>>> print(open('protein-v6.tsv').read())   # TSV, C-alpha atoms
chain	number	residue	atom	x	y	z
Z	13	MET	CA	59.47	115.07	27.42
Z	14	ALA	CA	60.08	114.62	23.68
Z	15	VAL	CA	56.75	112.93	22.91
Z	16	PRO	CA	54.35	115.57	24.32
Z	17	ALA	CA	56.58	118.39	23.05
Z	18	THR	CA	56.51	117.00	19.50
Z	19	VAL	CA	52.76	116.33	19.57
Z	20	ILE	CA	51.96	119.85	20.81
Z	21	TYR	CA	54.47	121.50	18.48
Z	22	PHE	CA	53.53	119.84	15.19
Z	23	THR	CA	49.79	119.87	15.85
Z	24	CYS	CA	49.83	123.60	16.64
Z	25	TYR	CA	52.07	124.37	13.66
Z	26	ASP	CA	49.91	122.48	11.17
Z	27	GLN	CA	46.62	123.86	12.47
Z	28	LEU	CA	47.93	127.45	12.57
Z	29	SER	CA	49.46	127.14	9.10
Z	30	ALA	CA	46.18	125.86	7.65
Z	31	PHE	CA	44.23	128.65	9.35
Z	32	LEU	CA	46.63	131.39	8.21
Z	33	ARG	CA	46.72	130.07	4.62
Z	34	SER	CA	42.92	130.19	4.51
Z	35	LYS	CA	43.06	133.84	5.60
Z	36	LEU	CA	46.22	135.13	3.89
Z	37	GLY	CA	46.64	132.85	0.87
Z	38	GLU	CA	48.95	129.95	0.04
Z	39	ASN	CA	51.94	132.06	-1.03
Z	40	GLU	CA	52.25	134.23	2.08
Z	41	THR	CA	55.88	133.81	3.20
Z	42	ARG	CA	55.28	135.00	6.78
Z	43	ILE	CA	53.03	132.04	7.61
Z	44	PRO	CA	55.85	129.60	8.58
Z	45	ILE	CA	57.41	132.27	10.82
Z	46	VAL	CA	54.20	133.14	12.68
Z	47	ALA	CA	53.02	129.54	13.02
Z	48	GLY	CA	56.48	128.38	14.10
Z	49	ILE	CA	56.75	131.07	16.78
Z	50	VAL	CA	53.32	130.45	18.29
Z	51	ALA	CA	53.65	126.66	18.19
Z	52	ARG	CA	57.07	126.65	19.84
Z	53	PHE	CA	56.01	129.21	22.44
Z	54	GLY	CA	53.18	126.92	23.54
Z	55	ALA	CA	55.30	123.76	23.53
Z	56	VAL	CA	58.13	125.40	25.53
Z	57	THR	CA	55.72	126.69	28.17
Z	58	VAL	CA	54.15	123.25	28.69
Z	59	ILE	CA	57.43	121.30	28.68
Z	60	SER	CA	59.67	123.77	30.57
Z	61	PRO	CA	59.31	122.07	34.01
Z	62	LEU	CA	60.32	118.72	32.54
Z	63	GLU	CA	63.38	120.27	30.90
Z	64	LEU	CA	64.41	121.81	34.21
Z	65	ILE	CA	64.19	118.39	35.88
Z	66	ARG	CA	66.14	116.77	33.03
Z	67	THR	CA	68.94	119.33	33.40
Z	68	LYS	CA	69.05	118.58	37.13
Z	69	MET	CA	69.34	114.85	36.50
Z	70	GLN	CA	72.13	115.39	33.96
Z	71	SER	CA	74.13	117.65	36.29
Z	72	LYS	CA	74.16	115.12	39.14
Z	73	LYS	CA	73.05	111.53	39.54
Z	74	PHE	CA	69.70	111.43	41.34
Z	75	SER	CA	67.22	108.67	41.99
Z	76	TYR	CA	63.64	109.49	41.06
Z	77	GLU	CA	62.73	109.40	44.76
Z	78	GLU	CA	65.43	111.97	45.62
Z	79	LEU	CA	64.36	114.12	42.68
Z	80	HIS	CA	60.72	113.98	43.78
Z	81	ARG	CA	61.64	115.12	47.29
Z	82	PHE	CA	63.79	117.94	45.89
Z	83	VAL	CA	61.09	119.20	43.52
Z	84	SER	CA	58.37	118.90	46.20
Z	85	LYS	CA	60.48	120.97	48.59
Z	86	LYS	CA	61.15	123.57	45.90
Z	87	VAL	CA	57.44	123.90	45.06
Z	88	ALA	CA	56.50	124.12	48.75
Z	89	GLU	CA	59.03	126.92	49.32
Z	90	ASP	CA	58.70	128.99	46.15
Z	91	GLY	CA	55.47	127.83	44.52
Z	92	TRP	CA	54.81	126.13	41.18
Z	93	ILE	CA	56.28	129.07	39.24
Z	94	SER	CA	59.74	127.95	40.41
Z	95	LEU	CA	59.52	125.00	37.96
Z	96	TRP	CA	59.64	127.49	35.10
Z	97	LYS	CA	63.13	128.77	36.01
Z	98	GLY	CA	65.09	128.96	32.76
Z	99	TRP	CA	61.92	129.55	30.73
Z	100	VAL	CA	63.14	132.92	29.38
Z	101	PRO	CA	66.46	131.66	27.90
Z	102	THR	CA	64.65	128.58	26.59
Z	103	VAL	CA	62.12	130.80	24.79
Z	104	LEU	CA	64.94	133.01	23.50
Z	105	ARG	CA	66.59	129.90	22.08
Z	106	ASP	CA	63.63	127.86	20.81
Z	107	VAL	CA	61.27	130.53	19.46
Z	108	PRO	CA	63.82	132.13	17.07
Z	109	PHE	CA	65.03	128.62	16.21
Z	110	SER	CA	61.51	127.62	15.24
Z	111	ALA	CA	60.90	130.77	13.19
Z	112	MET	CA	64.18	130.38	11.27
Z	113	TYR	CA	63.77	126.63	10.89
Z	114	TRP	CA	60.29	126.65	9.36
Z	115	TYR	CA	60.92	129.66	7.14
Z	116	ASN	CA	64.13	128.18	5.71
Z	117	TYR	CA	62.61	124.72	5.49
Z	118	GLU	CA	59.67	125.89	3.39
Z	119	ILE	CA	61.95	128.01	1.15
Z	120	LEU	CA	64.50	125.20	0.66
Z	121	LYS	CA	61.80	122.61	0.01
Z	122	LYS	CA	60.16	124.79	-2.63
Z	123	TRP	CA	63.54	125.59	-4.25
Z	124	LEU	CA	64.63	121.93	-4.37
Z	125	CYS	CA	61.30	120.92	-5.89
Z	126	GLU	CA	61.70	123.55	-8.61
Z	127	LYS	CA	65.28	122.42	-9.31
Z	128	SER	CA	64.15	118.81	-9.54
Z	129	GLY	CA	61.08	119.60	-11.63
Z	130	LEU	CA	58.76	118.09	-9.03
Z	131	TYR	CA	55.36	119.29	-7.88
Z	132	GLU	CA	55.49	117.39	-4.57
Z	133	PRO	CA	58.66	117.02	-2.44
Z	134	THR	CA	60.24	113.59	-2.11
Z	135	PHE	CA	61.48	112.03	1.14
Z	136	MET	CA	65.06	113.11	0.32
Z	137	ILE	CA	64.01	116.70	-0.42
Z	138	ASN	CA	62.29	116.90	2.96
Z	139	PHE	CA	65.30	115.25	4.63
Z	140	THR	CA	67.82	117.64	3.05
Z	141	SER	CA	65.71	120.73	3.69
Z	142	GLY	CA	65.24	119.72	7.32
Z	143	ALA	CA	68.97	119.10	7.88
Z	144	LEU	CA	70.09	122.38	6.31
Z	145	SER	CA	67.47	124.59	7.94
Z	146	GLY	CA	68.03	122.89	11.32
Z	147	SER	CA	71.79	123.44	11.09
Z	148	PHE	CA	71.42	127.13	10.30
Z	149	ALA	CA	68.95	127.69	13.14
Z	150	ALA	CA	71.12	125.70	15.58
Z	151	VAL	CA	74.17	127.88	14.92
Z	152	ALA	CA	72.20	131.13	15.20
Z	153	THR	CA	70.55	130.23	18.52
Z	154	LEU	CA	73.46	128.40	20.22
Z	155	PRO	CA	74.35	131.34	22.56
Z	156	PHE	CA	70.91	131.11	24.17
Z	157	ASP	CA	71.33	127.34	24.60
Z	158	VAL	CA	74.62	127.95	26.44
Z	159	VAL	CA	72.95	130.56	28.68
Z	160	LYS	CA	69.94	128.31	29.36
Z	161	THR	CA	72.13	125.40	30.46
Z	162	GLN	CA	74.32	127.62	32.64
Z	163	LYS	CA	71.35	129.35	34.25
Z	164	GLN	CA	69.57	126.10	35.12
Z	165	THR	CA	72.80	124.53	36.40
Z	166	GLN	CA	73.52	127.57	38.57
Z	167	LEU	CA	70.00	127.37	39.98
Z	168	TRP	CA	70.55	123.83	41.24
Z	169	ILE	CA	74.01	124.71	42.63
Z	170	TYR	CA	72.59	127.62	44.62
Z	171	GLU	CA	69.71	125.45	45.80
Z	172	SER	CA	71.98	122.58	46.92
Z	173	GLN	CA	74.13	125.03	48.90
Z	174	LYS	CA	70.99	126.69	50.32
Z	175	ILE	CA	71.98	130.08	48.90
Z	176	SER	CA	69.45	132.33	47.19
Z	177	MET	CA	70.27	132.91	43.54
Z	178	PRO	CA	71.23	136.56	42.79
Z	179	SER	CA	68.32	138.43	41.21
Z	180	HIS	CA	70.68	140.20	38.79
Z	181	MET	CA	71.65	136.96	37.04
Z	182	SER	CA	69.52	137.68	33.98
Z	183	THR	CA	70.06	136.16	30.55
Z	184	TRP	CA	71.95	139.21	29.31
Z	185	VAL	CA	74.16	139.39	32.43
Z	186	ILE	CA	75.11	135.73	32.05
Z	187	MET	CA	75.95	136.32	28.38
Z	188	LYS	CA	78.16	139.29	29.30
Z	189	ASN	CA	79.91	137.20	31.96
Z	190	ILE	CA	80.57	134.41	29.46
Z	191	VAL	CA	82.05	136.86	26.93
Z	192	ALA	CA	84.19	138.50	29.64
Z	193	LYS	CA	85.53	135.13	30.80
Z	194	ASP	CA	85.86	133.11	27.59
Z	195	GLY	CA	85.49	135.66	24.80
Z	196	PHE	CA	82.80	135.74	22.14
Z	197	SER	CA	83.57	132.13	21.24
Z	198	GLY	CA	82.36	131.13	24.71
Z	199	LEU	CA	78.78	131.73	23.54
Z	200	PHE	CA	79.28	129.01	20.91
Z	201	THR	CA	80.62	126.33	23.24
Z	202	GLY	CA	79.45	122.91	22.11
Z	203	LEU	CA	78.72	123.96	18.53
Z	204	ILE	CA	79.88	120.70	16.92
Z	205	PRO	CA	77.95	118.41	19.32
Z	206	ARG	CA	74.84	120.57	18.87
Z	207	LEU	CA	75.09	120.35	15.08
Z	208	ILE	CA	75.69	116.59	15.25
Z	209	LYS	CA	72.53	116.30	17.33
Z	210	ILE	CA	70.26	118.91	15.69
Z	211	ALA	CA	70.93	118.41	11.96
Z	212	PRO	CA	70.05	114.69	11.74
Z	213	ALA	CA	67.28	115.07	14.34
Z	214	CYS	CA	65.56	117.82	12.32
Z	215	ALA	CA	66.07	115.89	9.08
Z	216	ILE	CA	64.68	112.61	10.42
Z	217	MET	CA	61.81	114.26	12.29
Z	218	ILE	CA	60.49	116.40	9.44
Z	219	SER	CA	60.98	113.80	6.68
Z	220	THR	CA	59.23	111.02	8.62
Z	221	TYR	CA	56.51	113.45	9.70
Z	222	GLU	CA	55.87	114.58	6.12
Z	223	PHE	CA	55.93	110.96	4.94
Z	224	GLY	CA	53.45	109.91	7.61
Z	225	LYS	CA	51.17	112.86	6.88
Z	226	ALA	CA	51.16	112.10	3.13
Z	227	PHE	CA	50.53	108.40	3.81
Z	228	PHE	CA	47.48	109.03	5.99
Z	229	GLN	CA	46.14	111.67	3.61
Z	230	LYS	CA	46.17	109.05	0.84
Z	231	GLN	CA	44.46	106.56	3.15
Z	232	ASN	CA	41.74	109.08	3.98
Z	233	ILE	CA	41.18	109.92	0.32
Z	234	GLN	CA	40.87	106.22	-0.60
Z	235	ARG	CA	38.48	105.66	2.30
Z	236	GLN	CA	36.27	108.55	1.17
Z	237	GLN	CA	36.18	107.19	-2.39
Z	238	PHE	CA	34.86	103.85	-1.23
>>> encode(input="protein-v6.tsv", output="structure tokens")
Amino acid sequence: MAVPATVIYFTCYDQLSAFLRSKLGENETRIPIVAGIVARFGAVTVISPLELIRTKMQSKKFSYEELHRFVSKKVAEDGWISLWKGWVPTVLRDVPFSAMYWYNYEILKKWLCEKSGLYEPTFMINFTSGALSGSFAAVATLPFDVVKTQKQTQLWIYESQKISMPSHMSTWVIMKNIVAKDGFSGLFTGLIPRLIKIAPACAIMISTYEFGKAFFQKQNIQRQQF
């Protein structure tokens, strides 16, 4: 799941950013937001069925054979669209996350370069910018992550008990139920584990990605020279 999601996401973001910069100019601050939204929207749509299956496997121990039978039955009964259950809360979580992440990342990277008197960001500047922007976006979008997990888990519970899931269980209804039961803090359940996961993941991913991109750009330039 992670490999195709990352390939789709970064490829779309880079290509869209390059296209928008050629049209709007290098200093247009809205470019990271627009490119981040579109790239994440596409990646979420492609990967959503795999995330649904992963949530199922985490909620109860299944063999791959049992999981295949369960998914086949679900598709036969409700069609392929049933594999995109939980797509809305996932989009509500990941699309704003992506917009905030890329906007803050580009701003922080530029600011740290200016403070350090550097024209090009170093590995540590990319790492720090990625960790900080990822942390901020993770906190802001955590309520939608809580809703997504609860909605997908409820889906499998209803399915296992052969009960149709209530049509009124929308994202906003689930959020209201969480607040009524656990208070506003219930929407931020799992904040520390999410930060422990997201901050280093964003930092490692973006810094190694930027390093790899710079490395291959240098290789291509040297190859063209010779």
>>> axis_aligned_box(input="protein-v6.tsv", around="stretch 14-23 of chain Z", padding_each_side="5 Å", output="AutoDock Vina command-line options")
--center_x 54.9 --center_y 117.2 --center_z 19.8 --size_x 20.3 --size_y 18.6 --size_z 19.1
>>> residues_around(input="protein-v6.tsv", residues="Z:Ala55", least_positions_apart="4", cutoff="9 Å", atoms="only C-alpha atoms", output="ChimeraX atom specification")
/Z:16-21,24,50-51,59-60
>>> residues_near_point(input="protein-v6.tsv", point="(77.3, 129.1, 21.1)", cutoff="9 Å", atoms="only C-alpha atoms", output="MDAnalysis selection string")
chainID Z and resid 150:159 196:203
>>> residues_around(input="protein-v6.tsv", residues="Z:Pro101", least_positions_apart="3", cutoff="10 Å", atoms="all atoms listed in the file", output="PDB file with C-alpha atoms, in the frame of the given file")
ATOM      1  CA  LYS Z  97      63.130 128.770  36.010  1.00  0.00           C
ATOM      2  CA  GLY Z  98      65.090 128.960  32.760  1.00  0.00           C
ATOM      3  CA  LEU Z 104      64.940 133.010  23.500  1.00  0.00           C
ATOM      4  CA  ARG Z 105      66.590 129.900  22.080  1.00  0.00           C
ATOM      5  CA  ASP Z 106      63.630 127.860  20.810  1.00  0.00           C
ATOM      6  CA  VAL Z 107      61.270 130.530  19.460  1.00  0.00           C
ATOM      7  CA  PRO Z 155      74.350 131.340  22.560  1.00  0.00           C
ATOM      8  CA  PHE Z 156      70.910 131.110  24.170  1.00  0.00           C
ATOM      9  CA  ASP Z 157      71.330 127.340  24.600  1.00  0.00           C
ATOM     10  CA  VAL Z 158      74.620 127.950  26.440  1.00  0.00           C
ATOM     11  CA  VAL Z 159      72.950 130.560  28.680  1.00  0.00           C
ATOM     12  CA  LYS Z 160      69.940 128.310  29.360  1.00  0.00           C
ATOM     13  CA  THR Z 161      72.130 125.400  30.460  1.00  0.00           C
ATOM     14  CA  LYS Z 163      71.350 129.350  34.250  1.00  0.00           C
ATOM     15  CA  GLN Z 164      69.570 126.100  35.120  1.00  0.00           C
ATOM     16  CA  SER Z 182      69.520 137.680  33.980  1.00  0.00           C
ATOM     17  CA  THR Z 183      70.060 136.160  30.550  1.00  0.00           C
ATOM     18  CA  TRP Z 184      71.950 139.210  29.310  1.00  0.00           C
TER      19      TRP Z 184
END
>>> closest_residue(input="protein-v6.tsv", among="Z:Pro205, Z:Pro61, Z:Gly195, Z:Pro212", to="Z:Trp99", atoms="all atoms listed in the file")
Z:Pro61
>>> closest_residue(input="protein-v6.tsv", among="Z:Gln27, Z:Ile65, Z:Ile210, Z:Gly146", to="Z:Ala111", atoms="all atoms listed in the file")
Z:Gly146
>>> closest_residue(input="protein-v6.tsv", among="Z:Phe223, Z:Phe53, Z:Phe22, Z:Phe228", to="Z:Phe139", atoms="all atoms listed in the file")
Z:Phe223
>>> atom_distance(input="protein-v6.tsv", atom1="atom CA of Z:Val56", atom2="atom CA of Z:Thr102")
7.3 Å
>>> atom_distance(input="protein-v6.tsv", atom1="atom CA of Z:Pro133", atom2="atom CA of Z:Ala226")
10.6 Å
>>> atom_distance(input="protein-v6.tsv", atom1="atom CA of Z:Ile49", atom2="atom CA of Z:Pro108")
7.2 Å
>>> closest_residue(input="protein-v6.tsv", among="Z:Ser29, Z:Asn39, Z:Val103, Z:Arg66", to="Z:Gly54", atoms="all atoms listed in the file")
Z:Val103
>>> closest_residue(input="protein-v6.tsv", among="Z:Lys35, Z:Lys230, Z:Lys225, Z:Lys209", to="Z:Thr23", atoms="only C-alpha atoms")
Z:Lys225
>>> residues_around(input="protein-v6.tsv", residues="Z:Glu118", least_positions_apart="2", cutoff="12 Å", atoms="only C-alpha atoms", output="PyMOL selection string")
chain Z and resi 29+38-45+48+111-116+120-125+133+137-138+140-142+144-146+218
>>> build_atoms(input="protein-v6.tsv", residues="stretch 39-57 of chain Z", atoms="N, CA, C and O atoms", output="compact mmCIF listing (two decimals), in the frame of the given file")
# COMPACT_ATOMS: atom_id res chain seq x y z
N ASN Z 39 50.57 131.59 -0.74
CA ASN Z 39 51.94 132.06 -1.03
C ASN Z 39 52.47 133.09 -0.03
O ASN Z 39 53.52 133.69 -0.26
N GLU Z 40 51.79 133.28 1.07
CA GLU Z 40 52.25 134.23 2.08
C GLU Z 40 53.47 133.67 2.81
O GLU Z 40 53.39 132.63 3.49
N THR Z 41 54.62 134.33 2.66
CA THR Z 41 55.88 133.81 3.20
C THR Z 41 56.02 133.95 4.71
O THR Z 41 56.87 133.30 5.32
N ARG Z 42 55.17 134.79 5.32
CA ARG Z 42 55.28 135.00 6.78
C ARG Z 42 54.57 133.90 7.58
O ARG Z 42 54.76 133.81 8.79
N ILE Z 43 53.79 133.07 6.91
CA ILE Z 43 53.03 132.04 7.61
C ILE Z 43 53.92 131.08 8.40
O ILE Z 43 53.65 130.81 9.58
N PRO Z 44 54.99 130.51 7.81
CA PRO Z 44 55.85 129.60 8.58
C PRO Z 44 56.46 130.26 9.81
O PRO Z 44 56.64 129.61 10.84
N ILE Z 45 56.79 131.55 9.70
CA ILE Z 45 57.41 132.27 10.82
C ILE Z 45 56.42 132.41 11.97
O ILE Z 45 56.72 132.07 13.13
N VAL Z 46 55.21 132.91 11.65
CA VAL Z 46 54.20 133.14 12.68
C VAL Z 46 53.77 131.82 13.32
O VAL Z 46 53.71 131.69 14.56
N ALA Z 47 53.47 130.83 12.50
CA ALA Z 47 53.02 129.54 13.02
C ALA Z 47 54.12 128.87 13.84
O ALA Z 47 53.85 128.27 14.89
N GLY Z 48 55.36 128.97 13.37
CA GLY Z 48 56.48 128.38 14.10
C GLY Z 48 56.69 129.02 15.46
O GLY Z 48 56.94 128.33 16.45
N ILE Z 49 56.57 130.35 15.52
CA ILE Z 49 56.75 131.07 16.78
C ILE Z 49 55.68 130.69 17.79
O ILE Z 49 55.98 130.35 18.94
N VAL Z 50 54.42 130.74 17.36
CA VAL Z 50 53.32 130.45 18.29
C VAL Z 50 53.35 128.99 18.76
O VAL Z 50 53.17 128.70 19.96
N ALA Z 51 53.61 128.08 17.84
CA ALA Z 51 53.65 126.66 18.19
C ALA Z 51 54.76 126.36 19.18
O ALA Z 51 54.57 125.63 20.16
N ARG Z 52 55.94 126.91 18.94
CA ARG Z 52 57.07 126.65 19.84
C ARG Z 52 56.87 127.32 21.19
O ARG Z 52 57.22 126.76 22.23
N PHE Z 53 56.28 128.50 21.19
CA PHE Z 53 56.01 129.21 22.44
C PHE Z 53 55.12 128.35 23.34
O PHE Z 53 55.38 128.22 24.55
N GLY Z 54 54.08 127.78 22.76
CA GLY Z 54 53.18 126.92 23.54
C GLY Z 54 53.86 125.66 24.03
O GLY Z 54 53.70 125.27 25.20
N ALA Z 55 54.63 125.00 23.15
CA ALA Z 55 55.30 123.76 23.53
C ALA Z 55 56.33 123.99 24.63
O ALA Z 55 56.43 123.21 25.57
N VAL Z 56 57.11 125.08 24.52
CA VAL Z 56 58.13 125.40 25.53
C VAL Z 56 57.49 125.63 26.89
O VAL Z 56 57.98 125.17 27.92
N THR Z 57 56.38 126.37 26.91
CA THR Z 57 55.72 126.69 28.17
C THR Z 57 55.22 125.44 28.87
O THR Z 57 55.34 125.30 30.09
